[in-house]
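Worksheet: one structure, shown below.
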Amino acid sequence: MFNGIISIRNKNGEEKVKIERPGGSLSPIWSICWNPSREERNDILAVADWGQKVSFYQLSGKQIGKDRALNFDPCCISYFTKGEYILLGGSDKQVSLFTKDGVRLGTVGEQNSWVWTCQAKPDSNYVVVGCQDGTISFYQLIFSTVHGLYKDRYAYRDSMTDVIVQHLITEQKVRIKCKELVKKIAIYRNRLAIQLPEKILIYELYSEDLSDMHYRVKEKIIKKFECNLLVVCANHIILCQEKRLQCLSFSGVKEREWQMESLIRYIKVIGGPPGREGLLVGLKNGQILKIFVDNLFAIVLLKQATAVRCLDMSASRKKLAVVDENDTCLVYDIDTKELLFQEPNANSVAWNTQCEDMLCFSGGGYLNIKASTFPVHRQKLQGFVVGYNGSKIFCLHVFSISAVEVPQSAPMYQYLDRKLFKEAYQIACLGVTDTDWRELAMEALEGLDFETAKKAFIRVQDLRYLELISSIEERKKRGETNNDLFLADVFSYQGKFHEAAKLYKRSGHENLALEMYTDLCMFEYAKDFLGSGDPKETKMLITKQADWARNIKEPKAAVEMYISAGEHVKAIEICGDHGWVDMLIDIARKLDKAEREPLLLCATYLKKLDSPGYAAETYLKMGDLKSLVQLHVETQRWDEAFALGEKHPEFKDDIYMPYAQWLAENDRFEEAQKAFHKAGRQREAVQVLEQLTNNAVAESRFNDAAYYYWMLSMQCLDIAQADPAQKDTMLGKFYHFQRLAELYHGYHAIHRHTEDPFSVHRPETLFNISRFLLHSLPKDTPSGISKVKILFTLAKQSKALGAYRLARHAYDKLRGLYIPARFQKSIELGTLTIRAKPFHDSEELVPLCYRCSTNNPLLNNLGNVCINCRQPFIFSASSYDVLHLVEFYLEEGITDEEAISLIDLEVLRPKRDDRQLEIANNSSQILRLVETKDSIGDEDPFTAKLSFEQGGSEFVPVVVSRLVLRSMSRRDVLIKRWPPPLRWQYFRSLLPDASITMCPSCFQVGGHPGSSHVLLLATFPLPKCPSGRRGPWEEGHIHGSKLGQRLVCPLPCLHSMCI
């Protein structure tokens, strides 16, 4: 409005926004216009007032930027169709062009009166102007292209006031805002020059990085220049003014000036050291000059008859390409001034910066690529060629420049046609496809240019041909010069086998042709190159043919061929892989026994194919007994293995060791233990026994555990006998295991009594066993043995037999132990009922010491020894009663053999019957002591030895002399004949009327001191004794006593004392 206020209303006339401007009525608004651009994010309103200002506002009323001052009163304002430019006219009698931001660009046209209206034709550059005097003017605006190019950097003007620098390879762009009309642009290396109406700005890159796109102002030349062309160098700018060139420093000082004969049509910087760059200048009169910025004199390169339109110099500065005004491209040799060739229809030209002989030129809608003197390769392309770098051609079309990737296949093949492989490789390096690289490699290889071929194959990463080239180069270093042979190898690699064979034959290497055909399985062709019946070559050919038959799944034919060629190993492998047992044994039978390798392979396959008989036949033919033993072992043919072992004892370990392992794997551990022992592997034998023992204890098979501990003790005794170094250790283990065997044997009865509903033992026996275990248990109770069960059995049987005091003691001990639930009620009841019983034990149960005739208490703190004489008790292995045996020792110097001989003398006593003790056989010892006449007054030397000092705290053993031994009767003595290194043990019976029986293997004794015969019960299914022979404990053996009673081993344990 005239008062300076802007009112924005809707279509109904309602005011939405009111903008009050600072000038008020002093700045009446004369013209407004909305920006029609759709690319702007906000609606923009341009306002022109007679305060000689132009302003811009958003729809919200917010001002954009500052007011732009005008030197006239504006009467009209309008936008171009796309909103990029503004037209303003008024009292200055002219129409001016502004940017959309209000920056004045120039005058469109001057009039004779005020301009009242101006409009741009939609989507065009035409402008119509209306004036106060009634005249209408029509103008066309032409926007020229302002740009500059150096290699891969292109700078151009945008929106008339900005400069955009584009990297043509990376497609990076940077915008430089100048806020003034950009008139000229020049770019060179890291320099950028921009000419504005009143100054020239010099920019430089921040770094030397080729991809850096950050520019900063280096210098400003505040001066107005008028020029046709602008060129920038490292330290200078060059101004072109018609016929004159001026060289100015960056400070604006003119250093040099060149005056030309004609108008300057083209100028280009061709490089050089900083401050000494060279310029290539083309004139309208056809003259072409080279100028150095530090030299006042121009150098005339050549002169042609037609005017110059475009120029470029090759990378080596030896060739010059010129486009004249007749659209002809002419190429000259700079040194000789000779015209090399010319091509029509060209408007611009550029040499390839990486290849000396390649250039391209555009014209007529086509791109033309020419290599050396070859014909031109053409393809469609719109625009002007401004650069050529490698395989990229930079093309300017209208206002934009683009990089076009052009394959260099056509010029490469032109070089290949002339066998110029090195030049073709240079072209290929500019950019061709993998197929073109392979074609170049093959052509160079066939042309025997191995260096070029190697480079090309590296490009396609073909290792196969690279190996071929490497081998040929090695052969050439060794002095080979036969190119036919090299070319034959190349042809063979390429699959041209017949050509290769011809070259092999021509070069005198028919054997190579033979080898090639046989490798290819082309045996018909190979026969043509066989020598004069050479057997080696014939064998080789048959072998190759057999290999081929094998590969094509014809195994039988291959076997026959291998056999005919003498390749028995390969024939055997095929037969073995296909399971042909008959063919394998036929081959084995035909082979000589000296051919060990094929025979061994035959035997191996026969063994795999489950034909051990044929394999054994083969091993026998070879005489390989060790392998035969191994075969029997692996096939578990133990009878054959044992028979072979009998004939050849050196293989004993190889047989019994695997046999023992096999037995152990099949749960035949006892046999395995024996086998280990037989094989001399004591350690493994002991390990098996230990495992068996642990398993028996864990499964509560205490009878078996007793037996296994007895076996372990005997194993330790064997080791002590065989290895003196381990004697002391093994003897300690022997006694330990013997003690454990006795404990587990006794505990077996206790365990069965507490677990089974019925007991097979008499109460007296269970009572004795409980006492024996209670006195024998060490501080650390062995695994599996329960003190609760022992004490429970002892308490129960003591109460039943009248040993009430001992029963009370057992119940008291049980109170301090953890009682299983199933025993809880019985123990509590027994604890209560025992209180009603007398506080003493039955005298019938008190054990008697047969050495000192002392009655010992039922609960003995010293253990199983006499409290008076400390003599260890000897218990019956059946009833666990104390036997009437006293152990005696030999005086020093008396050997076991001498002692036996002295006892066997048996001096007759006057008052005794002369009946002798009957010896049943060698496997047992049976004493039958029969009282005859009164022996009162008959002094026995042994009885005298039993005397000792009463109350002694230490045990005094009975030691006998030769005299005492001579007085003994063989019927009264039992001997445990332990194997070395143990000494024999001697026992004297003090009750001749009671019979005692001893097993000759386990040395366990049985009997009852109160009866005249052995009271043993055959209540267990006992097998044989450990010795494996029939003994006095085996059922069916009749004891030769006066009662003629049938006896069993006194140690009633499965697998224990009698096996």
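Following the order of the structure tokens, first chain is A, next is B, and so on, with residues numbered from 1 inside each chain and ligands from 1 in the order they appear.
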
**Request:** Considering only C-alpha atoms, return as a ChimeraX atom specification whatever protein or nucleic-acid residues lie within 9 Å of segment 279-284 of chain A, sequence-local ones (same chain, fewer than 3 positions apart) excluded.
**Result:** /A:243,260-271,287-293,306-313,322

Residues of segment 830-876 of chain A that have any atom at most 9 Å from an atom of segment 766-786 of chain A: could you tabulate them with the shortest-distance atom pair and the distance in Å to one decimal, using only C-alpha atoms, ordered by chain and increasing number, as JSON lines?
```
{"residue": "A:Leu858", "atom": "CA", "partner": "A:Arg771", "partner_atom": "CA", "distance": 7.6}
{"residue": "A:Leu859", "atom": "CA", "partner": "A:Arg771", "partner_atom": "CA", "distance": 7.7}
{"residue": "A:Asn860", "atom": "CA", "partner": "A:His775", "partner_atom": "CA", "distance": 7.3}
{"residue": "A:Asn861", "atom": "CA", "partner": "A:His775", "partner_atom": "CA", "distance": 7.8}
{"residue": "A:Leu862", "atom": "CA", "partner": "A:His775", "partner_atom": "CA", "distance": 7.9}
{"residue": "A:Gly863", "atom": "CA", "partner": "A:His775", "partner_atom": "CA", "distance": 4.7}
{"residue": "A:Asn864", "atom": "CA", "partner": "A:His775", "partner_atom": "CA", "distance": 6.0}
{"residue": "A:Phe875", "atom": "CA", "partner": "A:Phe772", "partner_atom": "CA", "distance": 8.7}
```

Selected residues written out, C-alpha atoms, as a PDB file, in the first residue's frame:
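Final file, out.pdb:
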```
ATOM      1  CA  LEU A 858      35.075-111.791  74.421  1.00  0.00           C
ATOM      2  CA  LEU A 859      35.937-108.119  73.900  1.00  0.00           C
ATOM      3  CA  ASN A 860      39.690-107.940  73.590  1.00  0.00           C
ATOM      4  CA  ASN A 861      41.290-104.511  73.341  1.00  0.00           C
ATOM      5  CA  LEU A 862      44.457-106.093  71.963  1.00  0.00           C
ATOM      6  CA  GLY A 863      42.650-107.682  69.039  1.00  0.00           C
ATOM      7  CA  ASN A 864      42.881-111.284  67.963  1.00  0.00           C
ATOM      8  CA  PHE A 875      40.945-119.117  63.371  1.00  0.00           C
TER       9      PHE A 875
END
```

**Request:** Write out as a VMD selection string the residues lying within 12 Å of segment 452-459 of chain A, counting only C-alpha atoms and excluding same-chain residues fewer than 6 positions away.
**Result:** chain A and resid 416 419 to 429 431 to 446 465 to 473 490

Please report as a tab-separated table every residue of segment 807-917 of chain A lying within 10 Å of segment 994-1001 of chain A, along with the nearest atom pair and their distance in Å (one decimal), using only C-alpha atoms.
```
residue	atom	partner	partner_atom	distance
A:Ser876	CA	A:Ile996	CA	9.0
A:Ala877	CA	A:Met998	CA	9.7
A:Leu883	CA	A:Ile996	CA	8.6
A:His884	CA	A:Ala994	CA	8.5
A:Leu885	CA	A:Ile996	CA	9.3
```

Mind writing the picked residues with N, CA, C and O atoms as an mmCIF file, in the first residue's frame?
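File written: part.cif
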```
data_model
loop_
_atom_site.group_PDB
_atom_site.id
_atom_site.type_symbol
_atom_site.label_atom_id
_atom_site.label_comp_id
_atom_site.auth_asym_id
_atom_site.auth_seq_id
_atom_site.Cartn_x
_atom_site.Cartn_y
_atom_site.Cartn_z
ATOM 1 N N SER A 876 39.592 -120.905 62.533
ATOM 2 C CA SER A 876 39.083 -121.838 61.526
ATOM 3 C C SER A 876 38.416 -121.038 60.415
ATOM 4 O O SER A 876 37.660 -120.103 60.681
ATOM 5 N N ALA A 877 38.688 -121.398 59.173
ATOM 6 C CA ALA A 877 38.118 -120.679 58.039
ATOM 7 C C ALA A 877 36.657 -121.007 57.845
ATOM 8 O O ALA A 877 35.993 -120.385 57.023
ATOM 9 N N LEU A 883 41.636 -122.192 66.726
ATOM 10 C CA LEU A 883 42.169 -123.530 66.528
ATOM 11 C C LEU A 883 43.323 -123.790 67.499
ATOM 12 O O LEU A 883 44.008 -122.857 67.952
ATOM 13 N N HIS A 884 43.559 -125.078 67.765
ATOM 14 C CA HIS A 884 44.600 -125.498 68.712
ATOM 15 C C HIS A 884 45.935 -125.581 67.998
ATOM 16 O O HIS A 884 46.634 -126.611 68.033
ATOM 17 N N LEU A 885 46.303 -124.502 67.324
ATOM 18 C CA LEU A 885 47.564 -124.436 66.593
ATOM 19 C C LEU A 885 48.405 -123.311 67.169
ATOM 20 O O LEU A 885 47.889 -122.237 67.505
#
```

**Request:** Tell me, as a list in words, which residues lie within 7 Å of segment 35-51 of chain A, counting only C-alpha atoms; anything in the same chain fewer than 3 positions away does not count.
**Result:**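 Residues meeting the cut-off are Leu26, Ser27, Pro28, Ile29, Trp30, Ser31, Ile32, Val54, Ser55, Phe56, Tyr57, Gln58, Leu59, Asp73, Pro74, Ile77, Tyr79, Thr81, Lys82 and Gly83 of chain A.
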
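Proximity of A:Ala305, A:Leu168, A:Leu905, A:Ile299 to Phe394 of chain A, computed with only C-alpha atoms, is greatest for A:Leu168.
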
**Prompt:** Pick the closest to Ile790 of chain A from A:Ile874, A:Ile369, A:Val108, A:Ala807: which is it, counting only C-alpha atoms?
**Reply:**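 That would be A:Ala807, the residue with the smallest distance to Ile790 of chain A.
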
Give me the residues within 12 Å of Ser700 of chain A as a compact mmCIF listing (two decimals) with all heavy atoms, in the first residue's frame, counting only C-alpha atoms and dropping any in the same chain fewer than 6 places off.
```
# COMPACT_ATOMS: atom_id res chain seq x y z
N THR A 693 37.85 -105.94 41.67
CA THR A 693 37.65 -105.85 43.12
C THR A 693 36.75 -104.66 43.47
O THR A 693 35.79 -104.80 44.25
CB THR A 693 39.00 -105.68 43.82
OG1 THR A 693 39.86 -106.76 43.45
CG2 THR A 693 38.83 -105.67 45.33
N ASN A 694 37.03 -103.51 42.86
CA ASN A 694 36.21 -102.33 43.14
C ASN A 694 34.76 -102.55 42.72
O ASN A 694 33.82 -102.15 43.42
CB ASN A 694 36.79 -101.12 42.42
CG ASN A 694 38.15 -100.73 42.96
OD1 ASN A 694 38.46 -101.01 44.12
ND2 ASN A 694 38.98 -100.12 42.13
N ALA A 706 36.67 -110.83 48.14
CA ALA A 706 37.70 -111.55 48.89
C ALA A 706 38.59 -112.35 47.95
O ALA A 706 39.82 -112.37 48.09
CB ALA A 706 37.02 -112.47 49.91
N TYR A 744 36.86 -109.36 53.93
CA TYR A 744 35.69 -109.42 53.05
C TYR A 744 35.06 -110.81 53.06
O TYR A 744 33.85 -110.95 52.92
CB TYR A 744 36.07 -109.02 51.62
CG TYR A 744 36.14 -107.51 51.44
CD1 TYR A 744 37.36 -106.88 51.23
CD2 TYR A 744 35.00 -106.73 51.50
CE1 TYR A 744 37.44 -105.51 51.07
CE2 TYR A 744 35.06 -105.35 51.34
CZ TYR A 744 36.28 -104.75 51.12
OH TYR A 744 36.35 -103.39 50.97
N HIS A 745 35.93 -111.85 53.23
CA HIS A 745 35.38 -113.20 53.30
C HIS A 745 34.48 -113.35 54.53
O HIS A 745 33.37 -113.90 54.46
CB HIS A 745 36.53 -114.22 53.37
CG HIS A 745 36.08 -115.58 53.83
ND1 HIS A 745 36.49 -116.10 55.05
CD2 HIS A 745 35.26 -116.48 53.28
CE1 HIS A 745 35.92 -117.30 55.21
NE2 HIS A 745 35.17 -117.55 54.15
N TYR A 747 33.05 -110.82 56.20
CA TYR A 747 31.93 -109.89 56.13
C TYR A 747 30.83 -110.39 55.19
O TYR A 747 29.68 -109.98 55.33
CB TYR A 747 32.43 -108.52 55.67
CG TYR A 747 31.34 -107.48 55.65
CD1 TYR A 747 30.82 -106.97 56.84
CD2 TYR A 747 30.81 -107.02 54.46
CE1 TYR A 747 29.80 -106.03 56.84
CE2 TYR A 747 29.80 -106.08 54.43
CZ TYR A 747 29.29 -105.58 55.62
OH TYR A 747 28.28 -104.66 55.61
N HIS A 748 31.20 -111.24 54.25
CA HIS A 748 30.19 -111.78 53.33
C HIS A 748 29.07 -112.47 54.12
O HIS A 748 27.88 -112.29 53.84
CB HIS A 748 30.84 -112.78 52.37
CG HIS A 748 29.85 -113.54 51.54
ND1 HIS A 748 29.15 -112.98 50.49
CD2 HIS A 748 29.43 -114.84 51.63
CE1 HIS A 748 28.34 -113.88 49.96
NE2 HIS A 748 28.50 -115.01 50.63
N ALA A 749 29.44 -113.27 55.14
CA ALA A 749 28.43 -113.97 55.95
C ALA A 749 27.57 -112.97 56.73
O ALA A 749 26.34 -113.13 56.84
CB ALA A 749 29.12 -114.94 56.90
N ILE A 750 28.22 -111.91 57.24
CA ILE A 750 27.46 -110.89 57.99
C ILE A 750 26.47 -110.19 57.06
O ILE A 750 25.30 -109.97 57.40
CB ILE A 750 28.43 -109.87 58.62
CG1 ILE A 750 29.40 -110.57 59.58
CG2 ILE A 750 27.67 -108.77 59.33
CD1 ILE A 750 28.73 -111.24 60.74
N HIS A 751 26.95 -109.83 55.87
CA HIS A 751 26.09 -109.12 54.92
C HIS A 751 24.89 -109.98 54.51
O HIS A 751 23.75 -109.49 54.46
CB HIS A 751 26.93 -108.73 53.69
CG HIS A 751 26.14 -108.05 52.61
ND1 HIS A 751 25.66 -106.76 52.73
CD2 HIS A 751 25.73 -108.50 51.39
CE1 HIS A 751 25.00 -106.43 51.64
NE2 HIS A 751 25.03 -107.47 50.82
N ARG A 752 25.14 -111.24 54.22
CA ARG A 752 24.05 -112.12 53.81
C ARG A 752 23.06 -112.33 54.96
O ARG A 752 21.86 -112.43 54.77
CB ARG A 752 24.61 -113.48 53.36
CG ARG A 752 25.42 -113.39 52.09
CD ARG A 752 24.61 -113.65 50.82
NE ARG A 752 23.40 -112.89 50.69
CZ ARG A 752 23.32 -111.70 50.07
NH1 ARG A 752 24.42 -111.14 49.59
NH2 ARG A 752 22.17 -111.09 49.94
N GLU A 755 20.86 -109.25 55.12
CA GLU A 755 20.09 -108.94 53.92
C GLU A 755 19.10 -110.05 53.56
O GLU A 755 18.00 -109.77 53.08
CB GLU A 755 21.03 -108.70 52.72
CG GLU A 755 21.96 -107.52 52.88
CD GLU A 755 21.21 -106.20 52.90
OE1 GLU A 755 20.13 -106.13 52.29
OE2 GLU A 755 21.69 -105.26 53.55
N SER A 783 36.17 -100.10 52.24
CA SER A 783 34.96 -99.72 51.51
C SER A 783 33.98 -100.89 51.48
O SER A 783 34.35 -102.04 51.27
CB SER A 783 35.35 -99.32 50.07
OG SER A 783 34.20 -99.05 49.32
N GLY A 784 32.70 -100.57 51.69
CA GLY A 784 31.65 -101.57 51.60
C GLY A 784 31.34 -102.27 52.90
O GLY A 784 30.27 -102.89 53.03
N ILE A 785 32.24 -102.24 53.86
CA ILE A 785 32.03 -102.94 55.14
C ILE A 785 31.30 -101.99 56.09
O ILE A 785 31.74 -100.86 56.32
CB ILE A 785 33.35 -103.41 55.74
CG1 ILE A 785 33.97 -104.50 54.85
CG2 ILE A 785 33.15 -103.94 57.16
CD1 ILE A 785 35.29 -105.02 55.34
N SER A 786 30.18 -102.45 56.64
CA SER A 786 29.35 -101.64 57.53
C SER A 786 29.56 -102.07 58.98
O SER A 786 29.31 -103.22 59.35
CB SER A 786 27.88 -101.77 57.15
OG SER A 786 27.04 -101.17 58.11
```

**strand (DSSP E or B) positions in segment 339-399 of chain A, given as number ranges by chain** = A: 339-343, 348-352, 358-363, 366-371, 377-380, 384-389, 392-397

**Item:** Point-to-point distance in Å for atom CA of Ile238 of chain A and atom CA of Phe225 of chain A
**Value:**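 Computing it gives 11.4 Å between the two atoms.
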
**Item:** Those in segment 777-994 of chain A with alpha helix (DSSP H) from DSSP, as JSON, numbers by chain
**Value:** {"A": [787, 788, 789, 790, 791, 792, 793, 794, 795, 796, 797, 798, 799, 800, 801, 804, 805, 806, 807, 808, 809, 810, 811, 812, 813, 814, 815, 821, 822, 823, 824, 825, 826, 827, 828, 829, 830, 831, 832, 833, 896, 897, 898, 899, 900, 901, 902, 903, 904, 905, 941, 942, 943, 944, 945, 962, 963, 964, 965, 966, 967]}
